[in-house]
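Novice: Take a look at upload.cif, mmCIF, C-alpha atoms:
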data_work
loop_
_atom_site.group_PDB
_atom_site.id
_atom_site.type_symbol
_atom_site.label_atom_id
_atom_site.label_comp_id
_atom_site.auth_asym_id
_atom_site.auth_seq_id
_atom_site.Cartn_x
_atom_site.Cartn_y
_atom_site.Cartn_z
ATOM 1 C CA MET E 1 -17.869 -12.468 1.190
ATOM 2 C CA ARG E 2 -14.729 -12.859 3.229
ATOM 3 C CA LYS E 3 -14.116 -12.390 6.917
ATOM 4 C CA ILE E 4 -10.580 -12.146 8.268
ATOM 5 C CA ILE E 5 -9.839 -13.208 11.830
ATOM 6 C CA ILE E 6 -6.478 -12.771 13.505
ATOM 7 C CA ALA E 7 -5.913 -14.816 16.668
ATOM 8 C CA THR E 8 -2.648 -14.645 18.604
ATOM 9 C CA HIS E 9 -0.883 -14.941 21.950
ATOM 10 C CA GLY E 10 -1.041 -11.576 23.742
ATOM 11 C CA ASP E 11 -1.341 -8.247 21.937
ATOM 12 C CA PHE E 12 0.168 -9.326 18.610
ATOM 13 C CA ALA E 13 -3.280 -9.438 16.959
ATOM 14 C CA SER E 14 -4.263 -5.912 18.020
ATOM 15 C CA GLY E 15 -0.784 -4.622 17.169
ATOM 16 C CA ILE E 16 -0.758 -6.075 13.682
ATOM 17 C CA LYS E 17 -4.292 -4.761 13.072
ATOM 18 C CA ASN E 18 -2.995 -1.297 13.958
ATOM 19 C CA SER E 19 -0.117 -1.723 11.481
ATOM 20 C CA LEU E 20 -2.496 -2.971 8.784
ATOM 21 C CA THR E 21 -4.675 0.108 9.246
ATOM 22 C CA MET E 22 -1.609 2.278 8.715
ATOM 23 C CA ILE E 23 -0.783 0.565 5.434
ATOM 24 C CA ALA E 24 -4.212 -0.324 4.046
ATOM 25 C CA GLY E 25 -6.492 2.206 5.750
ATOM 26 C CA ASP E 26 -10.134 1.501 6.547
ATOM 27 C CA LEU E 27 -10.050 -1.850 4.784
ATOM 28 C CA ALA E 28 -8.499 -3.239 7.971
ATOM 29 C CA ASN E 29 -11.415 -2.080 10.151
ATOM 30 C CA ASP E 30 -13.452 -5.243 9.617
ATOM 31 C CA ILE E 31 -10.711 -7.599 10.764
ATOM 32 C CA LYS E 32 -11.788 -9.420 13.905
ATOM 33 C CA ILE E 33 -9.031 -10.018 16.445
ATOM 34 C CA TYR E 34 -8.546 -12.365 19.342
ATOM 35 C CA CYS E 35 -5.731 -11.823 21.856
ATOM 36 C CA LEU E 36 -5.098 -14.734 24.210
ATOM 37 C CA TYR E 37 -4.070 -13.689 27.722
ATOM 38 C CA PRO E 38 -2.792 -15.827 30.622
ATOM 39 C CA GLY E 39 -5.598 -17.775 32.251
ATOM 40 C CA ALA E 40 -7.864 -17.655 29.182
ATOM 41 C CA SER E 41 -8.468 -20.452 26.719
ATOM 42 C CA ALA E 42 -8.479 -20.111 22.953
ATOM 43 C CA THR E 43 -10.940 -22.993 22.652
ATOM 44 C CA GLU E 44 -13.644 -20.742 24.133
ATOM 45 C CA PHE E 45 -13.048 -18.276 21.302
ATOM 46 C CA ALA E 46 -13.022 -21.170 18.829
ATOM 47 C CA ASP E 47 -16.420 -22.299 20.151
ATOM 48 C CA GLU E 48 -17.831 -18.786 19.733
ATOM 49 C CA LEU E 49 -16.476 -18.689 16.200
ATOM 50 C CA ARG E 50 -17.858 -22.119 15.434
ATOM 51 C CA ILE E 51 -21.416 -20.860 15.974
ATOM 52 C CA GLU E 52 -20.800 -17.865 13.707
ATOM 53 C CA ILE E 53 -19.202 -20.053 11.044
ATOM 54 C CA ILE E 54 -22.092 -22.519 10.996
ATOM 55 C CA GLU E 55 -24.651 -19.724 10.801
ATOM 56 C CA ASN E 56 -22.816 -17.991 7.947
ATOM 57 C CA SER E 57 -21.902 -20.823 5.632
ATOM 58 C CA GLU E 58 -21.751 -18.432 2.636
ATOM 59 C CA VAL E 59 -18.975 -16.406 4.286
ATOM 60 C CA GLU E 60 -15.338 -17.426 3.722
ATOM 61 C CA TYR E 61 -13.447 -17.290 7.036
ATOM 62 C CA ILE E 62 -9.682 -16.762 6.800
ATOM 63 C CA ILE E 63 -8.164 -17.276 10.238
ATOM 64 C CA LEU E 64 -4.566 -16.141 10.717
ATOM 65 C CA THR E 65 -2.724 -17.431 13.790
ATOM 66 C CA ASP E 66 0.749 -16.785 15.106
ATOM 67 C CA LEU E 67 2.779 -19.765 16.235
ATOM 68 C CA PHE E 68 2.355 -23.078 14.433
ATOM 69 C CA GLY E 69 1.574 -25.843 16.905
ATOM 70 C CA ALA E 70 0.842 -23.518 19.823
ATOM 71 C CA SER E 71 -2.496 -23.351 21.647
ATOM 72 C CA VAL E 72 -4.176 -20.642 19.557
ATOM 73 C CA CYS E 73 -3.320 -22.393 16.324
ATOM 74 C CA THR E 74 -4.381 -25.747 17.752
ATOM 75 C CA ALA E 75 -7.742 -24.367 18.923
ATOM 76 C CA MET E 76 -8.380 -22.818 15.501
ATOM 77 C CA SER E 77 -7.341 -26.001 13.715
ATOM 78 C CA LEU E 78 -10.565 -27.627 14.970
ATOM 79 C CA LEU E 79 -12.498 -25.219 12.728
ATOM 80 C CA THR E 80 -10.898 -26.490 9.524
ATOM 81 C CA ILE E 81 -13.570 -29.209 9.353
ATOM 82 C CA TYR E 82 -15.830 -26.552 7.861
ATOM 83 C CA THR E 83 -15.394 -26.012 4.128
ATOM 84 C CA ASN E 84 -15.727 -22.232 4.470
ATOM 85 C CA VAL E 85 -12.748 -21.963 6.822
ATOM 86 C CA VAL E 86 -9.038 -21.575 6.056
ATOM 87 C CA VAL E 87 -6.571 -21.499 8.970
ATOM 88 C CA LEU E 88 -3.001 -20.289 8.390
ATOM 89 C CA ALA E 89 -0.133 -20.128 10.907
ATOM 90 C CA GLY E 90 3.052 -18.052 10.958
ATOM 91 C CA LEU E 91 1.340 -14.689 10.769
ATOM 92 C CA ASN E 92 3.343 -11.749 9.437
ATOM 93 C CA LEU E 93 2.413 -8.459 7.768
ATOM 94 C CA ASN E 94 3.056 -9.844 4.305
ATOM 95 C CA ILE E 95 0.502 -12.621 4.583
ATOM 96 C CA ALA E 96 -2.035 -10.376 6.302
ATOM 97 C CA LEU E 97 -1.691 -7.741 3.553
ATOM 98 C CA GLU E 98 -1.991 -10.362 0.822
ATOM 99 C CA VAL E 99 -5.217 -11.677 2.363
ATOM 100 C CA LEU E 100 -6.570 -8.170 2.911
ATOM 101 C CA LEU E 101 -5.650 -6.631 -0.451
ATOM 102 C CA GLY E 102 -5.555 -9.660 -2.719
ATOM 103 C CA LYS E 103 -8.366 -11.014 -4.873
ATOM 104 C CA SER E 104 -11.714 -11.213 -3.135
ATOM 105 C CA THR E 105 -13.026 -14.393 -4.768
ATOM 106 C CA LYS E 106 -12.935 -17.612 -2.742
ATOM 107 C CA LEU E 107 -9.353 -18.827 -2.311
ATOM 108 C CA THR E 108 -8.312 -21.929 -4.221
ATOM 109 C CA SER E 109 -5.542 -24.175 -2.937
ATOM 110 C CA ASP E 110 -3.213 -22.570 -5.514
ATOM 111 C CA ASP E 111 -4.116 -19.130 -4.133
ATOM 112 C CA ILE E 112 -3.259 -20.332 -0.643
ATOM 113 C CA ASP E 113 0.106 -21.655 -1.857
ATOM 114 C CA ASP E 114 0.803 -18.199 -3.350
ATOM 115 C CA LEU E 115 -0.149 -16.520 -0.084
ATOM 116 C CA LEU E 116 2.192 -18.717 1.906
ATOM 117 C CA GLN E 117 4.985 -18.134 -0.599
ATOM 118 C CA SER E 118 4.627 -14.363 -0.371
ATOM 119 C CA ALA E 119 4.694 -14.590 3.432
ATOM 120 C CA LYS E 120 7.935 -16.585 3.191
ATOM 121 C CA ASP E 121 9.402 -14.178 0.613
ATOM 122 C CA GLY E 122 8.947 -11.378 3.121
ATOM 123 C CA ILE E 123 11.418 -13.026 5.495
ATOM 124 C CA GLN E 124 14.945 -12.329 4.349
ATOM 125 C CA GLN E 125 18.226 -10.678 5.219
ATOM 126 C CA ILE E 126 18.477 -7.165 3.836
ATOM 127 C CA LYS E 127 21.492 -6.456 1.642
ATOM 128 C CA LEU E 128 21.856 -3.383 -0.498
ATOM 129 C CA ASN E 129 23.205 -4.089 -3.937
ATOM 130 C CA THR E 130 24.222 -0.963 -5.832
ATOM 131 C CA GLU E 131 25.364 -2.870 -8.890
ATOM 132 C CA ILE E 132 21.946 -3.931 -10.143
ATOM 133 C CA ILE E 133 21.426 -2.980 -13.782
ATOM 134 C CA GLU E 134 18.706 -0.370 -13.972
ATOM 135 C CA GLU E 135 15.333 -1.413 -15.365
ATOM 136 C CA ASP E 136 13.977 0.647 -18.238
ATOM 137 C CA PHE E 137 10.707 0.773 -20.172
ATOM 138 C CA MET I 1 -1.627 4.348 -19.843
ATOM 139 C CA ILE I 2 -1.057 6.450 -16.754
ATOM 140 C CA LYS I 3 -3.167 5.001 -13.919
ATOM 141 C CA CYS I 4 -2.078 7.437 -11.232
ATOM 142 C CA VAL I 5 0.401 10.197 -10.476
ATOM 143 C CA ARG I 6 1.174 10.436 -6.760
ATOM 144 C CA VAL I 7 3.152 12.996 -4.773
ATOM 145 C CA ASP I 8 4.825 11.284 -1.817
ATOM 146 C CA HIS I 9 8.042 12.409 -0.146
ATOM 147 C CA ARG I 10 8.632 8.843 1.073
ATOM 148 C CA LEU I 11 8.411 7.629 -2.555
ATOM 149 C CA LEU I 12 8.018 3.834 -2.508
ATOM 150 C CA HIS I 13 6.918 2.507 0.897
ATOM 151 C CA GLY I 14 4.358 0.117 2.411
ATOM 152 C CA GLN I 15 1.189 2.053 1.586
ATOM 153 C CA VAL I 16 2.415 2.607 -1.947
ATOM 154 C CA ALA I 17 3.928 -0.794 -2.663
ATOM 155 C CA PHE I 18 0.985 -2.762 -1.291
ATOM 156 C CA SER I 19 -2.230 -0.745 -1.147
ATOM 157 C CA TRP I 20 -1.833 1.549 -4.150
ATOM 158 C CA THR I 21 -0.119 -0.829 -6.537
ATOM 159 C CA LYS I 22 -2.768 -3.497 -5.982
ATOM 160 C CA PHE I 23 -5.637 -1.008 -6.053
ATOM 161 C CA LEU I 24 -4.451 0.442 -9.375
ATOM 162 C CA ASP I 25 -3.516 -2.962 -10.790
ATOM 163 C CA ALA I 26 -0.254 -1.274 -11.823
ATOM 164 C CA ASP I 27 2.361 -3.357 -13.628
ATOM 165 C CA CYS I 28 5.007 -0.631 -13.786
ATOM 166 C CA ILE I 29 6.114 2.035 -11.313
ATOM 167 C CA LEU I 30 8.027 5.093 -12.484
ATOM 168 C CA ILE I 31 9.782 7.180 -9.865
ATOM 169 C CA ALA I 32 10.684 10.527 -11.389
ATOM 170 C CA SER I 33 13.170 12.433 -9.252
ATOM 171 C CA ASP I 34 16.440 14.260 -9.847
ATOM 172 C CA ASN I 35 17.380 13.967 -6.163
ATOM 173 C CA LEU I 36 16.987 10.216 -6.206
ATOM 174 C CA MET I 37 19.152 9.734 -9.297
ATOM 175 C CA ASN I 38 22.042 11.329 -7.389
ATOM 176 C CA ASP I 39 21.672 9.012 -4.401
ATOM 177 C CA GLU I 40 22.853 5.470 -5.194
ATOM 178 C CA LEU I 41 22.181 4.215 -1.679
ATOM 179 C CA LYS I 42 18.613 5.446 -1.634
ATOM 180 C CA MET I 43 18.042 3.884 -5.044
ATOM 181 C CA SER I 44 19.201 0.539 -3.689
ATOM 182 C CA ALA I 45 16.864 0.837 -0.736
ATOM 183 C CA ILE I 46 13.962 1.603 -3.069
ATOM 184 C CA ARG I 47 14.748 -1.431 -5.201
ATOM 185 C CA LEU I 48 14.162 -3.533 -2.063
ATOM 186 C CA ALA I 49 10.675 -2.052 -1.722
ATOM 187 C CA LYS I 50 9.646 -3.086 -5.233
ATOM 188 C CA PRO I 51 6.488 -5.219 -5.155
ATOM 189 C CA THR I 52 6.863 -8.624 -6.838
ATOM 190 C CA GLY I 53 5.646 -8.845 -10.416
ATOM 191 C CA VAL I 54 5.912 -5.102 -11.003
ATOM 192 C CA LYS I 55 8.531 -3.333 -13.099
ATOM 193 C CA LEU I 56 10.305 -0.474 -11.337
ATOM 194 C CA VAL I 57 11.887 2.357 -13.350
ATOM 195 C CA MET I 58 13.735 5.302 -11.782
ATOM 196 C CA LYS I 59 14.521 8.310 -13.955
ATOM 197 C CA SER I 60 15.430 11.982 -13.749
ATOM 198 C CA MET I 61 12.610 14.457 -14.345
ATOM 199 C CA GLN I 62 13.801 15.236 -17.874
ATOM 200 C CA ASP I 63 14.179 11.586 -18.866
ATOM 201 C CA SER I 64 10.780 10.783 -17.355
ATOM 202 C CA ILE I 65 9.094 13.516 -19.358
ATOM 203 C CA LYS I 66 10.825 12.315 -22.532
ATOM 204 C CA ALA I 67 9.750 8.704 -21.940
ATOM 205 C CA LEU I 68 6.137 9.619 -21.087
ATOM 206 C CA ASN I 69 5.729 11.753 -24.203
ATOM 207 C CA SER I 70 7.406 9.218 -26.504
ATOM 208 C CA GLY I 71 4.580 6.667 -26.181
ATOM 209 C CA ILE I 72 6.951 3.966 -24.925
ATOM 210 C CA THR I 73 5.088 3.811 -21.597
ATOM 211 C CA ASP I 74 1.606 3.433 -23.137
ATOM 212 C CA LYS I 75 1.649 -0.357 -22.889
ATOM 213 C CA TYR I 76 1.916 -0.291 -19.105
ATOM 214 C CA ASN I 77 -0.578 0.282 -16.337
ATOM 215 C CA LEU I 78 1.744 2.977 -15.109
ATOM 216 C CA PHE I 79 1.935 4.344 -11.588
ATOM 217 C CA ILE I 80 4.102 7.471 -11.337
ATOM 218 C CA ILE I 81 5.561 8.619 -8.027
ATOM 219 C CA ILE I 82 6.936 12.123 -7.546
ATOM 220 C CA GLU I 83 8.684 13.635 -4.554
ATOM 221 C CA SER I 84 7.364 17.195 -4.461
ATOM 222 C CA ILE I 85 4.767 19.664 -5.719
ATOM 223 C CA GLU I 86 7.527 21.455 -7.603
ATOM 224 C CA ASP I 87 8.351 18.284 -9.554
ATOM 225 C CA VAL I 88 4.726 17.412 -10.244
ATOM 226 C CA PHE I 89 4.240 20.964 -11.524
ATOM 227 C CA LYS I 90 7.078 20.421 -14.011
ATOM 228 C CA LEU I 91 5.615 17.091 -15.030
ATOM 229 C CA THR I 92 2.060 18.339 -15.587
ATOM 230 C CA ASN I 93 3.438 21.259 -17.621
ATOM 231 C CA GLU I 94 5.279 18.943 -19.971
ATOM 232 C CA VAL I 95 3.019 15.884 -20.102
ATOM 233 C CA ALA I 96 -0.482 16.725 -21.304
ATOM 234 C CA ALA I 97 -1.807 13.227 -20.545
ATOM 235 C CA ILE I 98 -1.762 13.941 -16.804
ATOM 236 C CA THR I 99 -5.126 15.334 -15.689
ATOM 237 C CA SER I 100 -5.214 14.161 -12.097
ATOM 238 C CA VAL I 101 -2.693 14.064 -9.246
ATOM 239 C CA ASN I 102 -2.967 12.230 -5.937
ATOM 240 C CA ILE I 103 -1.312 14.024 -3.034
ATOM 241 C CA GLY I 104 -0.133 11.379 -0.579
ATOM 242 C CA GLY I 105 2.449 12.633 1.850
ATOM 243 C CA MET I 106 4.513 15.807 2.074
ATOM 244 C CA LYS I 107 6.754 16.187 5.067
ATOM 245 C CA ASN I 108 6.716 18.918 7.640
ATOM 246 C CA GLU I 109 9.501 21.479 7.315
ATOM 247 C CA GLU I 110 10.012 25.011 8.449
ATOM 248 C CA ASP I 111 7.738 27.483 6.646
ATOM 249 C CA ARG I 112 5.235 24.787 5.786
ATOM 250 C CA LYS I 113 1.700 24.600 7.006
ATOM 251 C CA GLN I 114 -0.384 21.509 7.567
ATOM 252 C CA LEU I 115 -3.317 20.790 5.232
ATOM 253 C CA SER I 116 -4.141 17.274 6.378
ATOM 254 C CA LYS I 117 -2.698 14.484 8.527
ATOM 255 C CA ALA I 118 0.273 13.858 6.246
ATOM 256 C CA VAL I 119 0.356 16.873 3.909
ATOM 257 C CA TYR I 120 2.363 20.024 4.618
ATOM 258 C CA VAL I 121 2.791 22.764 2.016
ATOM 259 C CA SER I 122 4.941 25.866 1.553
ATOM 260 C CA ALA I 123 3.687 29.183 0.198
ATOM 261 C CA LYS I 124 5.393 28.343 -3.075
ATOM 262 C CA ASP I 125 3.639 24.956 -3.205
ATOM 263 C CA ILE I 126 0.299 26.707 -2.800
ATOM 264 C CA GLU I 127 1.095 29.029 -5.729
ATOM 265 C CA LEU I 128 1.927 26.047 -7.944
ATOM 266 C CA ILE I 129 -1.166 24.157 -6.771
ATOM 267 C CA LYS I 130 -3.343 27.138 -7.717
ATOM 268 C CA ILE I 131 -1.816 27.280 -11.191
ATOM 269 C CA MET I 132 -2.318 23.547 -11.755
ATOM 270 C CA SER I 133 -5.867 23.747 -10.471
ATOM 271 C CA SER I 134 -6.639 26.622 -12.842
ATOM 272 C CA LYS I 135 -5.593 24.305 -15.678
ATOM 273 C CA ASN I 136 -8.286 21.853 -14.544
ATOM 274 C CA ILE I 137 -5.859 19.328 -13.122
ATOM 275 C CA GLU I 138 -7.530 17.396 -10.320
ATOM 276 C CA LEU I 139 -5.440 17.532 -7.115
ATOM 277 C CA GLU I 140 -6.829 15.116 -4.557
ATOM 278 C CA VAL I 141 -5.490 14.296 -1.091
ATOM 279 C CA ARG I 142 -5.588 10.634 -0.035
ATOM 280 C CA LEU I 143 -3.088 8.559 1.934
ATOM 281 C CA VAL I 144 -4.543 5.185 1.020
ATOM 282 C CA PRO I 145 -6.991 4.235 -1.766
ATOM 283 C CA SER I 146 -9.925 3.438 0.538
ATOM 284 C CA GLU I 147 -10.107 7.032 1.819
ATOM 285 C CA THR I 148 -12.448 9.578 0.235
ATOM 286 C CA LYS I 149 -10.751 12.042 -2.120
ATOM 287 C CA LYS I 150 -10.361 15.541 -0.711
ATOM 288 C CA ASN I 151 -9.790 18.398 -3.154
ATOM 289 C CA ILE I 152 -6.603 20.183 -2.087
ATOM 290 C CA MET I 153 -8.064 23.558 -3.103
ATOM 291 C CA ASP I 154 -10.823 23.112 -0.509
ATOM 292 C CA LEU I 155 -8.204 22.366 2.152
ATOM 293 C CA ILE I 156 -6.231 25.480 1.178
ATOM 294 C CA LYS I 157 -9.365 27.632 1.265
ATOM 295 C CA GLY I 158 -10.279 26.173 4.639
ATOM 296 C CA GLU I 159 -7.045 27.457 6.176
#
Show me this structure written as structure tokens.
Specialist:
Amino acid sequence: MRKIIIATHGDFASGIKNSLTMIAGDLANDIKIYCLYPGASATEFADELRIEIIENSEVEYIILTDLFGASVCTAMSLLTIYTNVVVLAGLNLNIALEVLLGKSTKLTSDDIDDLLQSAKDGIQQIKLNTEIIEEDF
Amino acid sequence: MIKCVRVDHRLLHGQVAFSWTKFLDADCILIASDNLMNDELKMSAIRLAKPTGVKLVMKSMQDSIKALNSGITDKYNLFIIIESIEDVFKLTNEVAAITSVNIGGMKNEEDRKQLSKAVYVSAKDIELIKIMSSKNIELEVRLVPSETKKNIMDLIKGE
């Protein structure tokens, strides 16, 4: 079983959950979100999560965070000591969709590399090329 | 084999490229539309939306029908996307292998009435839907795969 957690600065987490629901429907309902607001500390959320993670060692926790190196990501990084936890930074819709809709078996390190690649592939300048040769059957 | 035929006026977009393609395990998407084949710019934009690892073919209605009936598409897990009820009516008339149609999104225009959140139909659409339904073609309304199928005939009757 997999549990997806999205933890970000401000409303990004709730906003991206809303977008995921639009694209993937009810599948996104079970995503747990954490929005960090001024004056709060992400380590408190990490401590709450830690208890859940220890109690549910059979559950695979995929934690998606926004900015690499920032406080939310740093707080979540402390949870990577558990073997049932994967923490990824640089959240975008591509990576969230891949985690949500991709294979449901436990992620291998190759799977994680693929996830990160697809997130990176989603970042690009848009250019329309009308000279592409048409694909056929 | 044909995994799904979907009516969606937006053709290839996020719900389709991600949710449906993965859900169906499709390895080839066919967009059958005469309008699209006359719009180079729109075709380019659709090419951008192509999911990785999936073949994308765009054809006119006539060429699509020819290809589907020739057997050349049998080797694919094929996902067909159609723009309108009128086009899907043509397709189901000519391609016997299609027994079920997913109705995704049909935009609101004048003289159309709303059947569900994203489906609007004209009086002519309803006529065609009734004919298809009488031929035992399943017509189910669903935006994304995780929703429950709703029979479009029930929604029409409920109006």
Novice: Applying the PyMOL selection byres ((chain I) within 9 of (chain E)) to the file I just gave you, which residues come out? Please list them as a tab-separated table (two decimals) with C-alpha atoms, keeping the file's coordinate frame.
Specialist:
chain	number	residue	atom	x	y	z
I	14	GLY	CA	4.36	0.12	2.41
I	15	GLN	CA	1.19	2.05	1.59
I	16	VAL	CA	2.42	2.61	-1.95
I	18	PHE	CA	0.98	-2.76	-1.29
I	19	SER	CA	-2.23	-0.74	-1.15
I	20	TRP	CA	-1.83	1.55	-4.15
I	22	LYS	CA	-2.77	-3.50	-5.98
I	23	PHE	CA	-5.64	-1.01	-6.05
I	28	CYS	CA	5.01	-0.63	-13.79
I	40	GLU	CA	22.85	5.47	-5.19
I	41	LEU	CA	22.18	4.22	-1.68
I	43	MET	CA	18.04	3.88	-5.04
I	44	SER	CA	19.20	0.54	-3.69
I	45	ALA	CA	16.86	0.84	-0.74
I	47	ARG	CA	14.75	-1.43	-5.20
I	48	LEU	CA	14.16	-3.53	-2.06
I	52	THR	CA	6.86	-8.62	-6.84
I	55	LYS	CA	8.53	-3.33	-13.10
I	56	LEU	CA	10.30	-0.47	-11.34
I	57	VAL	CA	11.89	2.36	-13.35
I	58	MET	CA	13.74	5.30	-11.78
I	59	LYS	CA	14.52	8.31	-13.96
I	67	ALA	CA	9.75	8.70	-21.94
I	72	ILE	CA	6.95	3.97	-24.92
I	73	THR	CA	5.09	3.81	-21.60
I	76	TYR	CA	1.92	-0.29	-19.10
I	143	LEU	CA	-3.09	8.56	1.93
I	144	VAL	CA	-4.54	5.18	1.02
I	145	PRO	CA	-6.99	4.24	-1.77
I	146	SER	CA	-9.93	3.44	0.54
I	147	GLU	CA	-10.11	7.03	1.82
Novice: Can you tell me, as a PyMOL selection string, what residues are no more than 7 Å from Gly104 (chain I) when counting all atoms listed in the file, ignoring any on the same chain fewer than 5 positions away?
Specialist: chain I and resi 6-8+141-143
Novice: Set the distance at 7 Å and use all atoms listed in the file: which residues neighbour Ile63 (chain E) once local chain neighbours fewer than 4 positions away are removed? I'd like the list as a PyMOL selection string.
Specialist: chain E and resi 4-6+86-88
Novice: So that I can see what lies close to region 133-137 of chain I, please list as a PyMOL selection string the residues with an atom at most 12 Å from it, counting all atoms listed in the file and leaving out residues fewer than 5 positions away in the same chain.
Specialist: chain I and resi 5+88-89+91-93+95-102+126-128+151-154+156
Novice: Take the residues from that selection and put them in a file with C-alpha atoms, as a PDB file, in the coordinates of the input.
Specialist:
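Ended up saving to part_31.pdb:
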ATOM      1  CA  VAL I   5       0.401  10.197 -10.476  1.00  0.00           C
ATOM      2  CA  VAL I  88       4.726  17.412 -10.244  1.00  0.00           C
ATOM      3  CA  PHE I  89       4.240  20.964 -11.524  1.00  0.00           C
ATOM      4  CA  LEU I  91       5.615  17.091 -15.030  1.00  0.00           C
ATOM      5  CA  THR I  92       2.060  18.339 -15.587  1.00  0.00           C
ATOM      6  CA  ASN I  93       3.438  21.259 -17.621  1.00  0.00           C
ATOM      7  CA  VAL I  95       3.019  15.884 -20.102  1.00  0.00           C
ATOM      8  CA  ALA I  96      -0.482  16.725 -21.304  1.00  0.00           C
ATOM      9  CA  ALA I  97      -1.807  13.227 -20.545  1.00  0.00           C
ATOM     10  CA  ILE I  98      -1.762  13.941 -16.804  1.00  0.00           C
ATOM     11  CA  THR I  99      -5.126  15.334 -15.689  1.00  0.00           C
ATOM     12  CA  SER I 100      -5.214  14.161 -12.097  1.00  0.00           C
ATOM     13  CA  VAL I 101      -2.693  14.064  -9.246  1.00  0.00           C
ATOM     14  CA  ASN I 102      -2.967  12.230  -5.937  1.00  0.00           C
ATOM     15  CA  ILE I 126       0.299  26.707  -2.800  1.00  0.00           C
ATOM     16  CA  GLU I 127       1.095  29.029  -5.729  1.00  0.00           C
ATOM     17  CA  LEU I 128       1.927  26.047  -7.944  1.00  0.00           C
ATOM     18  CA  ASN I 151      -9.790  18.398  -3.154  1.00  0.00           C
ATOM     19  CA  ILE I 152      -6.603  20.183  -2.087  1.00  0.00           C
ATOM     20  CA  MET I 153      -8.064  23.558  -3.103  1.00  0.00           C
ATOM     21  CA  ASP I 154     -10.823  23.112  -0.509  1.00  0.00           C
ATOM     22  CA  ILE I 156      -6.231  25.480   1.178  1.00  0.00           C
TER      23      ILE I 156
END
Novice: List the residues selected by the PyMOL selection byres ((chain E and resi 31-37) around 7) in the file shown, writing them as a PyMOL selection string.
Specialist: chain E and resi 4-11+13-14+28-30+38-40+42
Novice: Please produce a file of the residues just selected, as a PDB file, in the frame of the given file, where the atoms kept are C-alpha atoms.
Specialist:
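Final output, saved to again.pdb:
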ATOM      1  CA  ILE E   4     -10.580 -12.146   8.268  1.00  0.00           C
ATOM      2  CA  ILE E   5      -9.839 -13.208  11.830  1.00  0.00           C
ATOM      3  CA  ILE E   6      -6.478 -12.771  13.505  1.00  0.00           C
ATOM      4  CA  ALA E   7      -5.913 -14.816  16.668  1.00  0.00           C
ATOM      5  CA  THR E   8      -2.648 -14.645  18.604  1.00  0.00           C
ATOM      6  CA  HIS E   9      -0.883 -14.941  21.950  1.00  0.00           C
ATOM      7  CA  GLY E  10      -1.041 -11.576  23.742  1.00  0.00           C
ATOM      8  CA  ASP E  11      -1.341  -8.247  21.937  1.00  0.00           C
ATOM      9  CA  ALA E  13      -3.280  -9.438  16.959  1.00  0.00           C
ATOM     10  CA  SER E  14      -4.263  -5.912  18.020  1.00  0.00           C
ATOM     11  CA  ALA E  28      -8.499  -3.239   7.971  1.00  0.00           C
ATOM     12  CA  ASN E  29     -11.415  -2.080  10.151  1.00  0.00           C
ATOM     13  CA  ASP E  30     -13.452  -5.243   9.617  1.00  0.00           C
ATOM     14  CA  PRO E  38      -2.792 -15.827  30.622  1.00  0.00           C
ATOM     15  CA  GLY E  39      -5.598 -17.775  32.251  1.00  0.00           C
ATOM     16  CA  ALA E  40      -7.864 -17.655  29.182  1.00  0.00           C
ATOM     17  CA  ALA E  42      -8.479 -20.111  22.953  1.00  0.00           C
TER      18      ALA E  42
END
Novice: Region 46-55 of chain E: which residues within 7 Å, counting all atoms listed in the file, same-chain residues fewer than 5 positions away excluded, as a PyMOL selection string?
Specialist: chain E and resi 75-76+79
Novice: Would you work out the distance separating CA of Ser19 (chain E) from CA of Asn92 (chain E), expressed in Å to one decimal?
Specialist: 10.8 Å
Novice: Rounded to one decimal, what separation in Å do you get between CA of Ile62 (chain E) and CA of Ser41 (chain E)?
Specialist: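 Those two atoms sit 20.3 Å apart.
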Novice: The PyMOL selection byres ((chain E and resi 60) around 9) - which residues does that actually catch in the file I just gave you? List them as a PyMOL selection string.
Specialist: chain E and resi 1-4+53+56-59+61-62+83-86+106-107
Novice: What does the distance between CA of Ile131 (chain I) and CA of Ala26 (chain I) come to in Å, to one decimal place?
Specialist: 28.6 Å
Novice: Please define a box with edges along x, y and z of the file around all atoms of region 77-92 of chain I given in the file, extend it by 3 Å on each side, and return its centre and edge lengths in Å to one decimal, as AutoDock Vina command-line options.
Specialist:
--center_x 4.1 --center_y 10.9 --center_z -10.4 --size_x 15.3 --size_y 27.2 --size_z 17.9
Novice: Compute the distance from (2.7, -22.8, 2.5) to each atom, counting all atoms listed in the file, keep the residues with any atom at most 12 Å away, and return them as a PyMOL selection string; use the coordinates of the file.
Specialist: chain E and resi 68+87-91+95+109-121
Novice: Residues proximal to (0.0, 18.2, 0.4) were defined as those with any atom within 6 Å of that point in the file's coordinates, counting only C-alpha atoms. Which are they, as a list in words?
Specialist: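 Every residue inside that radius is included here: Ile103, Met106, Val119, Tyr120 and Val121 of chain I.
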Novice: Give me the residues within 8 Å of Lys3 (chain I) as a VMD selection string, counting all atoms listed in the file and dropping any in the same chain fewer than 4 places off.
Specialist: chain I and resid 24 26 77 to 79
Novice: For the residues in the current selection, export C-alpha atoms as a compact mmCIF listing (two decimals), keeping the file's coordinate frame.
Specialist:
# COMPACT_ATOMS: atom_id res chain seq x y z
CA LEU I 24 -4.45 0.44 -9.38
CA ALA I 26 -0.25 -1.27 -11.82
CA ASN I 77 -0.58 0.28 -16.34
CA LEU I 78 1.74 2.98 -15.11
CA PHE I 79 1.94 4.34 -11.59
